[in-house]
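One structure below.
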Amino acid sequence: MDDFHCVGASRRFTLALAVVTLGLLGPASIGHALAEAPLAGFQPPGFFRMMLGDIEVTALYDGAATLDAAKMLDEPAQDTEAALKASFLRNPLATSDNAFLINTGARLVLIDTGGGSFFGPKLGKLQANLRAAGYGPEQVDDILLTHMHRDHIGGLVADGRAAFPNAIVHADKREADYWLSADNLEDAPADQKPRFQGAMAALAPYIVAGRFRTFTADSDVVPMVRAVPAYGHSAGHTMYVVESKGQSLWLVGDLVNVGAVQLAHPKISSGFDGDRAAAVATRERILGEAAHQEVLVGAAHLPFPGLGHVSGIDAARRWMPIDYSGAVN
Ligand SMILES: [Zn+2]
C-alpha cells in the first residue's frame, strides 16, 4: 500500500467517525433518508425452477384461493381449526393453486392450467408467471390434465379462445366421459351444473380444433411422462410420473387438498372428493408409496411451489418442502 492510499484510508476513517458521531446525536441530525424507502409491496414472479436429471421442471403459481377448510373436510370443524392452528395457519385457508411445466428437451409439457377466470379473482396468474419464467403459451406442446375441476382447467381458455394456441390437451378417458357428458350435465343438480359447463367451455376450442386426446390408465402420454390412475378425487383423476436419470417426480394433482390435515390423516376427505371412499384409498396408497420410495412430489394445492417429499408414516407423516436454491441444479 503506498502513501496515497494511506491518506485515502485515513480520510475515510475520519468521515466514518463523523457519521457515527452524527448518528449518536439522533436521527434528526442526519435526516430520515435511510428510513424512508417506500414499501416495495410486490412479490417476485411466481415460478420456481429445478432440474430432475435432464428435465427442467418449473412450478407455476396461479394464485391462492381462500377456502373454508372447516366446512370442506369430513371432520368436526373444531378439529380442523385446531390442526390449522398447530400449523400456524388460519381458516379461511389461503390455498395455493400450482401447475407444473416440464421441458423434456423435446417437448414443453404443462400439467394443469390453473383457474383462469373460472375460480374467482384470486386465481388466473399462470399466464403472467409462465411468461416471467421465460416461455410463451404458444410454445407449450402438450397440456396434461390431472382432472377437470375448474381450478385446473380454467386457464385453458381466455375470452373463449384457446389460451395455448398450439397445444394438444390430454386427459384420462374416464374424466372426459364424466365431465363432458351432456347426460351428466342434465342430471346434475343446479348447483353442480356450472362444474360441467366449465369443463365443456374450457375444452371446447381444443375439441373443435382436433387438439383434444384421451388416454386410458397407465400410459406414456408423452415420452418421459407417464399417466398413472389416482381415481377418487374425480372419476379419472390422474397422477403423472416424470423420470430422468434415475430420479422421479410424482405430480399428484389433488391427492391432498389441505396438507395440514390430510397428510397425517388421509382418511379425512374433502367435499371436493367425488368418490370419498376411493379418494381415501388412493390418498393412503400413494402417500405411503411416495414416502417409502422417497420420490419428489409435486402437488397442486400444497404451499407454492408445492414440491417436496413425504416423510414418516401414518399420523407422523409430514410434508418436507424442497429448499430454495438460486441455482437451477
Ligand atoms: Zn384442485
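Labels used: A, B, ... for chains in the order of the C-alpha cells, numbers from 1 for residues in each chain, and numbers from 1 for ligands as shown.
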Using DSSP on the backbone coordinates, identify the residues of range 26-196 of chain A assigned to strand (DSSP E or B); present them as a PyMOL selection string.
chain A and resi 47-52+55-67+73+93-103+108-111+123+142-144+157-158+161-162+168-172
Taking only C-alpha atoms and all ligand atoms into account, list the residues no farther than 9 Å from ligand 1, as a PDB file with C-alpha atoms, in the first residue's frame.
ATOM      1  CA  ASP A  97     -53.017 -23.397  -6.986  1.00  0.00           C
ATOM      2  CA  ASN A  98     -49.864 -24.771  -8.614  1.00  0.00           C
ATOM      3  CA  GLY A 114     -54.783 -23.038 -13.075  1.00  0.00           C
ATOM      4  CA  GLY A 115     -58.208 -21.491 -12.714  1.00  0.00           C
ATOM      5  CA  HIS A 147     -58.591 -33.734 -13.690  1.00  0.00           C
ATOM      6  CA  MET A 148     -61.268 -31.348 -14.933  1.00  0.00           C
ATOM      7  CA  HIS A 149     -62.167 -29.296 -11.857  1.00  0.00           C
ATOM      8  CA  ARG A 150     -62.314 -25.596 -12.656  1.00  0.00           C
ATOM      9  CA  ASP A 151     -59.164 -24.606 -10.744  1.00  0.00           C
ATOM     10  CA  HIS A 152     -57.168 -26.870 -13.091  1.00  0.00           C
ATOM     11  CA  GLY A 253     -52.825 -33.205  -8.556  1.00  0.00           C
ATOM     12  CA  ASP A 254     -55.458 -33.035  -5.799  1.00  0.00           C
ATOM     13  CA  ASN A 257     -56.313 -30.610  -0.608  1.00  0.00           C
ATOM     14  CA  PHE A 272     -64.292 -31.812  -3.412  1.00  0.00           C
ATOM     15  CA  ALA A 300     -51.452 -28.690  -6.858  1.00  0.00           C
ATOM     16  CA  HIS A 301     -52.600 -27.304  -3.505  1.00  0.00           C
TER      17      HIS A 301
END
Members of range 204-316 of chain A assigned helix (DSSP H, G or I) by DSSP, as a ChimeraX atom specification
/A:204-208,259-262,276-293,314-316
Spatial neighbours of Gly246 in chain A, max dist 10 Å, only C-alpha atoms, sep filter under 3 positions, as a list of chain:residue names
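Neighbouring residues, sequence-local ones excluded: A:Leu52, A:Gly53, A:Glu243.
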Taking C-alpha atoms for each residue, export the selection above as an mmCIF file, in the first residue's frame.
data_model
loop_
_atom_site.group_PDB
_atom_site.id
_atom_site.type_symbol
_atom_site.label_atom_id
_atom_site.label_comp_id
_atom_site.auth_asym_id
_atom_site.auth_seq_id
_atom_site.Cartn_x
_atom_site.Cartn_y
_atom_site.Cartn_z
ATOM 1 C CA LEU A 52 -34.791 -33.502 -12.474
ATOM 2 C CA GLY A 53 -32.000 -35.357 -14.247
ATOM 3 C CA GLU A 243 -38.471 -39.700 -14.753
#
Pick from A:Thr282, A:Thr238, A:Ser87, A:Asn166, whichever lies nearest to Arg107 in chain A using only C-alpha atoms
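The closest residue to Arg107 in chain A is A:Asn166.
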Nearest residue to Gly154 in chain A from the set A:Arg131, A:Lys85, A:Arg195, A:His237 (distances using only C-alpha atoms):
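So, comparing all the options, the nearest one is A:Arg195.
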Find the residues of range 214-253 of chain A that sit at most 10 Å from range 179-190 of chain A; for each, write down the nearest two atoms and how far apart they are in Å, to one decimal. Count only C-alpha atoms. Sort by chain, then by number going up, and give it as CSV.
residue,atom,partner,partner_atom,distance
A:Ser234,CA,A:Trp179,CA,9.6
A:Ala235,CA,A:Trp179,CA,8.9
A:Gly236,CA,A:Trp179,CA,9.7
Contact residues around Thr214 in chain A with only C-alpha atoms at 10 Å, ignoring same-chain residues under 5 positions, as a list in words
Leu144, Val169, His170, Ala171, Asp172, Lys173, Arg174, Glu175, Ala176, Asp177 and Val221 of chain A
Point out the residue among A:Arg317, A:Val109, A:Gln262, A:Ala163 with the least atom-to-atom distance to Gln127 in chain A, counting only C-alpha atoms.
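Closest residue, counting only C-alpha atoms: A:Ala163.
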Quick one: contact table of range 129-241 of chain A to range 60-84 of chain A, 10 Å max, nearest atom pair and distance in Å to one decimal per residue, counting only C-alpha atoms, chain and number order, as CSV?
residue,atom,partner,partner_atom,distance
A:Asn129,CA,A:Leu60,CA,6.3
A:Leu130,CA,A:Leu60,CA,6.7
A:Ala132,CA,A:Leu60,CA,9.8
A:Ala133,CA,A:Leu60,CA,8.3
A:Asp151,CA,A:Asp62,CA,9.1
A:His152,CA,A:Asp62,CA,9.6
A:Gly155,CA,A:Asp62,CA,9.0
Considering only C-alpha atoms, state which residue in the set A:Ile313, A:Leu251, A:Ala264, A:Ile102 is at the smallest distance from Asp54 in chain A.
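For Asp54 in chain A, the nearest of the given residues is A:Ile102.
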With only C-alpha atoms as the atoms that count, which of A:Phe212, A:Phe119, A:Tyr231, A:Phe196 lies nearest to Thr146 in chain A?
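Looking only at the distances to Thr146 in chain A, the closest residue turns out to be A:Tyr231.
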Using only C-alpha atoms, which residues sit within 12 Å of Gln247 in chain A once same-chain residues fewer than 6 positions away are excluded, as a PyMOL selection string?
chain A and resi 51-55+224+241+293-297
For the residues in the current selection, export N, CA, C and O atoms as a short mmCIF file (atom, residue, chain, number, x, y, z; two decimals), in the first residue's frame.
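Below you can see selection_19.cif, which holds the result:
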data_model
loop_
_atom_site.label_atom_id
_atom_site.label_comp_id
_atom_site.auth_asym_id
_atom_site.auth_seq_id
_atom_site.Cartn_x
_atom_site.Cartn_y
_atom_site.Cartn_z
N MET A 51 -33.91 -28.83 -11.80
CA MET A 51 -33.67 -29.90 -12.76
C MET A 51 -33.97 -31.24 -12.10
O MET A 51 -33.67 -31.47 -10.93
N LEU A 52 -34.58 -32.12 -12.87
CA LEU A 52 -34.79 -33.50 -12.47
C LEU A 52 -34.04 -34.32 -13.52
O LEU A 52 -34.56 -34.52 -14.63
N GLY A 53 -32.83 -34.74 -13.21
CA GLY A 53 -32.00 -35.36 -14.25
C GLY A 53 -31.79 -34.36 -15.37
O GLY A 53 -31.33 -33.23 -15.14
N ASP A 54 -32.19 -34.76 -16.59
CA ASP A 54 -32.02 -33.87 -17.75
C ASP A 54 -33.26 -33.00 -18.00
O ASP A 54 -33.30 -32.23 -18.94
N ILE A 55 -34.29 -33.17 -17.18
CA ILE A 55 -35.56 -32.48 -17.41
C ILE A 55 -35.65 -31.22 -16.57
O ILE A 55 -35.36 -31.25 -15.37
N MET A 224 -41.37 -39.70 -21.58
CA MET A 224 -40.82 -39.33 -20.26
C MET A 224 -41.89 -38.87 -19.27
O MET A 224 -41.56 -38.51 -18.14
N VAL A 241 -46.11 -39.26 -13.68
CA VAL A 241 -44.77 -39.61 -13.20
C VAL A 241 -43.75 -39.18 -14.25
O VAL A 241 -43.84 -39.57 -15.42
N GLN A 293 -40.76 -44.75 -1.22
CA GLN A 293 -39.81 -44.68 -2.35
C GLN A 293 -38.99 -43.38 -2.33
O GLN A 293 -38.11 -43.20 -3.15
N GLU A 294 -39.34 -42.47 -1.42
CA GLU A 294 -38.59 -41.22 -1.24
C GLU A 294 -38.51 -40.40 -2.53
O GLU A 294 -37.50 -39.76 -2.83
N VAL A 295 -39.60 -40.41 -3.31
CA VAL A 295 -39.62 -39.65 -4.57
C VAL A 295 -39.99 -38.20 -4.29
O VAL A 295 -40.60 -37.87 -3.26
N LEU A 296 -39.62 -37.35 -5.22
CA LEU A 296 -40.05 -35.95 -5.15
C LEU A 296 -41.52 -35.89 -5.58
O LEU A 296 -41.92 -36.58 -6.53
N VAL A 297 -42.29 -35.09 -4.87
CA VAL A 297 -43.73 -34.97 -5.14
C VAL A 297 -44.06 -33.52 -5.50
O VAL A 297 -43.49 -32.59 -4.91
#
Residues near Leu156 in chain A, anyone? I mean within 10 Å using only C-alpha atoms, not counting same-chain ones fewer than 2 positions away, as a ChimeraX atom specification.
/A:112-117,143,150,152-154,158,160-165,167,169,199,201-206
Which residue gives the smallest distance to Ile168 in chain A among A:Gly210, A:Pro121, A:Pro266, A:Pro194, with only C-alpha atoms counted?
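Of A:Gly210, A:Pro121, A:Pro266, A:Pro194, the one nearest Ile168 in chain A, counting only C-alpha atoms, is A:Gly210.
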Selection near Val242 in chain A, 8 Å with only C-alpha atoms, sequence-local residues under 5 positions removed, as a list in words:
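The filter keeps Met224, Val225, Arg226, Ser248, Leu249, Trp250 and Leu251 of chain A.
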Kindly save the residues from that selection, with C-alpha atoms included, as a compact mmCIF listing (two decimals), in the first residue's frame.
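The new file result.txt reads:
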# COMPACT_ATOMS: atom_id res chain seq x y z
CA MET A 224 -40.82 -39.33 -20.26
CA VAL A 225 -44.23 -38.52 -18.72
CA ARG A 226 -46.43 -41.44 -17.66
CA SER A 248 -38.65 -39.47 -10.17
CA LEU A 249 -41.19 -36.72 -9.74
CA TRP A 250 -44.80 -37.61 -8.99
CA LEU A 251 -47.25 -34.86 -9.90
